[in-house]
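The structure appears right after this line, and notes come after that.
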Amino acid sequence: MKALILVDIQNDFVPGGALAVPEGDRVATVANRLMSHFDLVVATQDWHPADHMSFASQHPGRDIGEQIELNGLPQILWPDHCVEGTTGADFVAGLDTATIDHVVRKGTDRAIDSYSGFFDNAHRKSTGMADYLKSHQVNGVFIMGLATDYCVKFTALDAVDLGFETILIEDGCRGVNLKPGDVVKAIKEMQAAGVRVKDSDQI
Ligand code: VGL
Ligand code: ZN
């Protein structure tokens with residue numbers, strides 16, 4: 001069984017949103033085109049409480065984009081984004097949500113970020129995604145969405161670690177590029193870990 005994992009295709013990550021990823025609005029079309037080719041479609045949502053500790057607003061004197069240490073882990077400070085229940089956290093309007101079989105919400109614990117759709121950044125708590133996929137006999141996952149250099153990357157790395165055959169759909173992703181070259185670096189890191197990279201027209 002093959003699953004399509006749609007990572008964080010939410011209003012705050014597309015132009016006009018709080019943490020806009022350049023061209024982030026392009027990926028919904030790719031997702032809509034691919035969904036019907038899969039046995040199972042799972043979507044993640046970044047879903048933070050309003051006082052999430054990854055928000056620069058929770059650290060007076062600190063700026064967006066700065067790296068701090070948060071409970072022993074490196075943490076980049078972000079603008080307030082994907083606050084639970086807000087429009088910014090909703091799937092983008094153009095995404096065919098009726099075709100999504102299961103939604104996984106992550107980043108719900110104030111004290112720890114969760115880039116991966118499988119685990120928090122300390123790998124302490126699982127989101128239930130792996131169990132869900134395994135209970136549906138999924139052995140291969142195709143991953144796309146936002147952002148290539150954060151949530152897509154860590155979701156793909158965990159998927160490989162968990163033993164799934166993992167394919168990144170490169171044209172279905174866009175990245176933040178906080179530092180120039182971050183997206184290219186992220187793709188190389190994924191490949192080195194065993195992720196295969198394809199474009200959506202090869203699927
Ligand atoms: C993401 C930064 C903060 C992502 C989520 O979806 O890639 N990036 N929260
Ligand atoms: Zn977030």
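Starting from 1 in every chain, residues are counted up; chains themselves are A, B, ... following the order of the structure tokens, and ligands are numbered from 1 as listed.
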
Using only C-alpha atoms and all ligand atoms, which residues of the polymer chains come no farther than 12 Å from ligand 2? I'd like the answer as a PyMOL selection string.
chain A and resi 7-8+10+12-13+18-20+44-56+75-84+88-89+105-110+112-117+120-121+146-147+150-151

Dump C-alpha atoms for the selected residues as a compact mmCIF listing (two decimals), in the first residue's frame?
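And here's selection_15.txt as it stands now:
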```txt
# COMPACT_ATOMS: atom_id res chain seq x y z
CA VAL A 7 2.70 18.21 4.79
CA ASP A 8 1.29 21.45 6.20
CA GLN A 10 -2.03 25.55 5.32
CA ASP A 12 -0.08 30.52 7.04
CA PHE A 13 2.54 28.85 4.82
CA ALA A 18 2.08 34.55 8.67
CA LEU A 19 5.03 32.33 7.67
CA ALA A 20 4.70 32.55 3.92
CA THR A 44 -0.51 16.99 8.49
CA GLN A 45 -1.42 20.30 10.07
CA ASP A 46 0.93 22.44 12.10
CA TRP A 47 -1.36 23.17 15.06
CA HIS A 48 0.04 25.37 17.79
CA PRO A 49 -1.43 26.87 20.96
CA ALA A 50 -1.40 30.69 20.80
CA ASP A 51 1.54 30.84 23.22
CA HIS A 52 3.70 28.22 21.52
CA MET A 53 7.36 28.49 22.49
CA SER A 54 8.54 28.45 18.86
CA PHE A 55 6.98 31.91 18.46
CA ALA A 56 9.41 34.84 18.76
CA GLN A 75 14.87 26.18 18.21
CA ILE A 76 14.42 28.71 15.43
CA LEU A 77 12.03 31.48 16.41
CA TRP A 78 9.11 31.91 14.02
CA PRO A 79 6.37 34.46 13.64
CA ASP A 80 3.10 33.40 15.31
CA HIS A 81 1.64 30.88 12.86
CA CYS A 82 -0.86 28.03 12.57
CA VAL A 83 -2.57 28.81 15.84
CA GLU A 84 -5.11 26.06 16.51
CA GLY A 88 -4.06 30.50 9.26
CA ALA A 89 -4.12 26.89 10.41
CA ARG A 105 -1.94 17.51 13.96
CA LYS A 106 1.47 18.31 15.37
CA GLY A 107 3.15 21.03 17.42
CA THR A 108 0.24 20.96 19.85
CA ASP A 109 2.48 20.91 22.95
CA ARG A 110 3.49 24.46 23.91
CA ILE A 112 8.26 21.59 22.05
CA ASP A 113 8.17 22.03 18.31
CA SER A 114 7.32 19.26 15.91
CA TYR A 115 8.59 19.59 12.39
CA SER A 116 8.09 15.94 11.56
CA GLY A 117 4.64 14.51 11.04
CA ASP A 120 8.14 15.90 18.18
CA ASN A 121 11.61 17.37 17.68
CA LEU A 146 5.56 22.79 2.98
CA ALA A 147 8.24 23.51 3.87
CA TYR A 150 11.68 21.97 7.76
CA CYS A 151 8.56 19.88 8.09
```

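Between atom CA of Leu73 of chain A and atom CA of Gln191 of chain A the interatomic distance comes to 24.5 Å.
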
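Put simply, atom CA of Tyr132 of chain A is 27.4 Å away from atom CA of Asp201 of chain A.
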
Residue contacts of segment 178-189 of chain A (7 Å, only C-alpha atoms) excluding same-chain residues fewer than 2 positions away, as a ChimeraX atom specification
/A:148-149,153,175-176,191-193

Go ahead and dump the residues you just picked, N, CA, C and O atoms, as a short mmCIF file (atom, residue, chain, number, x, y, z; two decimals), in the first residue's frame.
```cif
data_model
loop_
_atom_site.label_atom_id
_atom_site.label_comp_id
_atom_site.auth_asym_id
_atom_site.auth_seq_id
_atom_site.Cartn_x
_atom_site.Cartn_y
_atom_site.Cartn_z
N THR A 148 9.96 22.48 2.48
CA THR A 148 10.98 21.48 2.13
C THR A 148 12.06 21.36 3.19
O THR A 148 12.48 20.25 3.54
N ASP A 149 12.54 22.52 3.67
CA ASP A 149 13.71 22.53 4.56
C ASP A 149 13.35 22.37 6.04
O ASP A 149 14.24 22.38 6.89
N LYS A 153 11.27 17.88 5.27
CA LYS A 153 12.53 17.17 5.48
C LYS A 153 12.45 16.22 6.69
O LYS A 153 12.78 15.04 6.57
N GLY A 175 10.26 25.61 -0.19
CA GLY A 175 10.96 25.78 1.07
C GLY A 175 11.07 27.22 1.54
O GLY A 175 10.78 28.16 0.79
N VAL A 176 11.50 27.36 2.79
CA VAL A 176 11.64 28.69 3.41
C VAL A 176 12.92 29.37 2.94
O VAL A 176 12.93 30.57 2.65
N GLN A 191 18.31 12.68 0.46
CA GLN A 191 18.83 11.64 -0.44
C GLN A 191 19.89 10.79 0.25
O GLN A 191 19.90 9.57 0.12
N ALA A 192 20.76 11.45 1.01
CA ALA A 192 21.83 10.73 1.71
C ALA A 192 21.24 9.74 2.72
O ALA A 192 21.84 8.71 3.01
N ALA A 193 20.06 10.06 3.24
CA ALA A 193 19.42 9.18 4.24
C ALA A 193 18.64 8.05 3.58
O ALA A 193 18.14 7.16 4.28
#
```

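The closest residue to ligand 1, picked from A:Thr97, A:Phe164, A:Ile9, A:Ala3 and counting only C-alpha atoms and all ligand atoms, is A:Ile9.
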
What separation in Å, quoted to one decimal, exists between atom CA of Lys2 of chain A and atom CA of Pro22 of chain A?
28.9 Å

Contacts of segment 36-41 of chain A at 12 Å (only C-alpha atoms; same-chain gap of 3+ positions) as an NGL selection string
:A and (1-7 or 30-33 or 44 or 96-104 or 129 or 132-144 or 200-203)

Restricting the output to N, CA and C atoms, write the selected residues as an mmCIF file, in the first residue's frame.
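Written output follows (part-v9.cif):
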```
data_model
loop_
_atom_site.group_PDB
_atom_site.id
_atom_site.type_symbol
_atom_site.label_atom_id
_atom_site.label_comp_id
_atom_site.auth_asym_id
_atom_site.auth_seq_id
_atom_site.Cartn_x
_atom_site.Cartn_y
_atom_site.Cartn_z
ATOM 1 N N MET A 1 0.843 -1.207 0.000
ATOM 2 C CA MET A 1 0.000 0.000 0.000
ATOM 3 C C MET A 1 0.872 1.249 0.000
ATOM 4 N N LYS A 2 0.454 2.187 -0.827
ATOM 5 C CA LYS A 2 1.214 3.443 -0.929
ATOM 6 C C LYS A 2 0.362 4.590 -0.401
ATOM 7 N N ALA A 3 0.993 5.412 0.423
ATOM 8 C CA ALA A 3 0.282 6.586 0.961
ATOM 9 C C ALA A 3 0.925 7.873 0.459
ATOM 10 N N LEU A 4 0.084 8.859 0.238
ATOM 11 C CA LEU A 4 0.555 10.207 -0.071
ATOM 12 C C LEU A 4 0.469 11.011 1.229
ATOM 13 N N ILE A 5 1.581 11.600 1.621
ATOM 14 C CA ILE A 5 1.572 12.440 2.836
ATOM 15 C C ILE A 5 1.689 13.901 2.421
ATOM 16 N N LEU A 6 0.668 14.676 2.728
ATOM 17 C CA LEU A 6 0.640 16.108 2.401
ATOM 18 C C LEU A 6 1.029 16.871 3.661
ATOM 19 N N VAL A 7 2.161 17.546 3.599
ATOM 20 C CA VAL A 7 2.695 18.207 4.792
ATOM 21 C C VAL A 7 2.290 19.689 4.827
ATOM 22 N N VAL A 30 -0.616 20.360 -7.382
ATOM 23 C CA VAL A 30 0.113 19.091 -7.517
ATOM 24 C C VAL A 30 -0.564 18.037 -6.623
ATOM 25 N N ALA A 31 -0.880 18.426 -5.399
ATOM 26 C CA ALA A 31 -1.542 17.499 -4.460
ATOM 27 C C ALA A 31 -2.869 17.012 -5.037
ATOM 28 N N ASN A 32 -3.676 17.917 -5.531
ATOM 29 C CA ASN A 32 -5.001 17.541 -6.062
ATOM 30 C C ASN A 32 -4.881 16.549 -7.217
ATOM 31 N N ARG A 33 -3.867 16.746 -8.054
ATOM 32 C CA ARG A 33 -3.659 15.886 -9.210
ATOM 33 C C ARG A 33 -3.232 14.485 -8.776
ATOM 34 N N THR A 44 -0.866 16.449 7.175
ATOM 35 C CA THR A 44 -0.505 16.992 8.493
ATOM 36 C C THR A 44 -0.922 18.453 8.560
ATOM 37 N N ASP A 96 -8.054 19.891 -2.237
ATOM 38 C CA ASP A 96 -9.224 19.016 -2.303
ATOM 39 C C ASP A 96 -9.292 18.170 -1.024
ATOM 40 N N THR A 97 -9.777 18.767 0.055
ATOM 41 C CA THR A 97 -9.720 18.104 1.369
ATOM 42 C C THR A 97 -10.661 16.905 1.481
ATOM 43 N N ALA A 98 -11.651 16.825 0.619
ATOM 44 C CA ALA A 98 -12.593 15.699 0.662
ATOM 45 C C ALA A 98 -11.877 14.378 0.379
ATOM 46 N N THR A 99 -10.733 14.445 -0.287
ATOM 47 C CA THR A 99 -9.990 13.238 -0.663
ATOM 48 C C THR A 99 -8.954 12.843 0.397
ATOM 49 N N ILE A 100 -8.862 13.603 1.477
ATOM 50 C CA ILE A 100 -7.915 13.277 2.550
ATOM 51 C C ILE A 100 -8.564 12.241 3.481
ATOM 52 N N ASP A 101 -7.848 11.124 3.728
ATOM 53 C CA ASP A 101 -8.401 10.061 4.567
ATOM 54 C C ASP A 101 -8.170 10.308 6.057
ATOM 55 N N HIS A 102 -7.059 10.980 6.374
ATOM 56 C CA HIS A 102 -6.684 11.102 7.791
ATOM 57 C C HIS A 102 -5.840 12.358 7.989
ATOM 58 N N VAL A 103 -6.114 13.078 9.074
ATOM 59 C CA VAL A 103 -5.357 14.304 9.379
ATOM 60 C C VAL A 103 -4.574 14.097 10.672
ATOM 61 N N VAL A 104 -3.302 14.476 10.647
ATOM 62 C CA VAL A 104 -2.440 14.396 11.821
ATOM 63 C C VAL A 104 -2.051 15.817 12.218
ATOM 64 N N MET A 129 1.009 8.856 13.597
ATOM 65 C CA MET A 129 1.057 8.683 12.136
ATOM 66 C C MET A 129 1.594 7.302 11.732
ATOM 67 N N TYR A 132 -0.898 4.596 12.364
ATOM 68 C CA TYR A 132 -1.991 4.694 11.394
ATOM 69 C C TYR A 132 -1.570 4.065 10.065
ATOM 70 N N LEU A 133 -0.386 4.433 9.586
ATOM 71 C CA LEU A 133 0.075 3.910 8.291
ATOM 72 C C LEU A 133 0.269 2.399 8.365
ATOM 73 N N LYS A 134 0.883 1.931 9.453
ATOM 74 C CA LYS A 134 1.148 0.489 9.568
ATOM 75 C C LYS A 134 -0.158 -0.293 9.686
ATOM 76 N N SER A 135 -1.138 0.271 10.386
ATOM 77 C CA SER A 135 -2.421 -0.431 10.523
ATOM 78 C C SER A 135 -3.145 -0.526 9.172
ATOM 79 N N HIS A 136 -2.743 0.324 8.212
ATOM 80 C CA HIS A 136 -3.306 0.230 6.863
ATOM 81 C C HIS A 136 -2.347 -0.453 5.886
ATOM 82 N N GLN A 137 -1.377 -1.196 6.437
ATOM 83 C CA GLN A 137 -0.426 -1.964 5.619
ATOM 84 C C GLN A 137 0.348 -1.101 4.630
ATOM 85 N N VAL A 138 0.582 0.156 4.978
ATOM 86 C CA VAL A 138 1.367 1.030 4.102
ATOM 87 C C VAL A 138 2.837 0.657 4.224
ATOM 88 N N ASN A 139 3.500 0.469 3.082
ATOM 89 C CA ASN A 139 4.954 0.263 3.109
ATOM 90 C C ASN A 139 5.715 1.348 2.364
ATOM 91 N N GLY A 140 5.019 2.115 1.535
ATOM 92 C CA GLY A 140 5.676 3.192 0.799
ATOM 93 C C GLY A 140 4.966 4.522 1.021
ATOM 94 N N VAL A 141 5.743 5.575 1.286
ATOM 95 C CA VAL A 141 5.142 6.896 1.460
ATOM 96 C C VAL A 141 5.741 7.894 0.472
ATOM 97 N N PHE A 142 4.883 8.666 -0.119
ATOM 98 C CA PHE A 142 5.260 9.726 -1.047
ATOM 99 C C PHE A 142 4.945 11.040 -0.326
ATOM 100 N N ILE A 143 5.968 11.880 -0.189
ATOM 101 C CA ILE A 143 5.842 13.054 0.678
ATOM 102 C C ILE A 143 5.976 14.335 -0.133
ATOM 103 N N MET A 144 5.083 15.289 0.122
ATOM 104 C CA MET A 144 5.167 16.605 -0.517
ATOM 105 C C MET A 144 4.507 17.638 0.390
ATOM 106 N N SER A 200 6.371 14.956 -9.863
ATOM 107 C CA SER A 200 4.993 14.418 -9.859
ATOM 108 C C SER A 200 4.621 13.760 -11.198
ATOM 109 N N ASP A 201 5.262 14.179 -12.287
ATOM 110 C CA ASP A 201 4.917 13.568 -13.582
ATOM 111 C C ASP A 201 5.518 12.174 -13.740
ATOM 112 N N GLN A 202 6.356 11.741 -12.788
ATOM 113 C CA GLN A 202 6.901 10.371 -12.819
ATOM 114 C C GLN A 202 6.063 9.436 -11.950
ATOM 115 N N ILE A 203 4.918 9.921 -11.484
ATOM 116 C CA ILE A 203 4.116 9.112 -10.549
ATOM 117 C C ILE A 203 2.818 8.673 -11.193
#
```

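Of the residues listed (A:Ala111, A:Ala93, A:Val195, A:Cys173), A:Ala111 shows the shortest atom-to-atom separation from Glu69 of chain A; distances use only C-alpha atoms.
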
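Each of A:Met35, A:Val21, A:Ala122, A:Ile64 was checked against Leu95 of chain A using only C-alpha atoms; the smallest atom-to-atom distance is that of A:Met35.
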
Based on DSSP run over this structure's backbone, return all residues of segment 4-176 of chain A in helix (DSSP H, G or I), as a PyMOL selection string.
chain A and resi 11-13+24-37+56-58+87-89+97-99+129-135+148-161

Going by DSSP on the backbone, which residues of segment 116-192 of chain A come out as strand (DSSP E)? List them as a list in words.
Gly140, Val141, Phe142, Ile143, Met144, Gly145, Leu146, Glu165, Thr166, Ile167, Leu168, Ile169, Glu170, Asp171, Gly172, Cys173 and Arg174 of chain A

From the list A:Gly128, A:Asp199, A:Val14, A:Gly61, which residue is nearest ligand 1 when using only C-alpha atoms and all ligand atoms?
A:Val14

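Proximity to ligand 1 was assessed for A:Gly145, A:Pro60, A:Pro15, A:Gly194 counting only C-alpha atoms and all ligand atoms; the smallest distance is recorded for A:Gly145.
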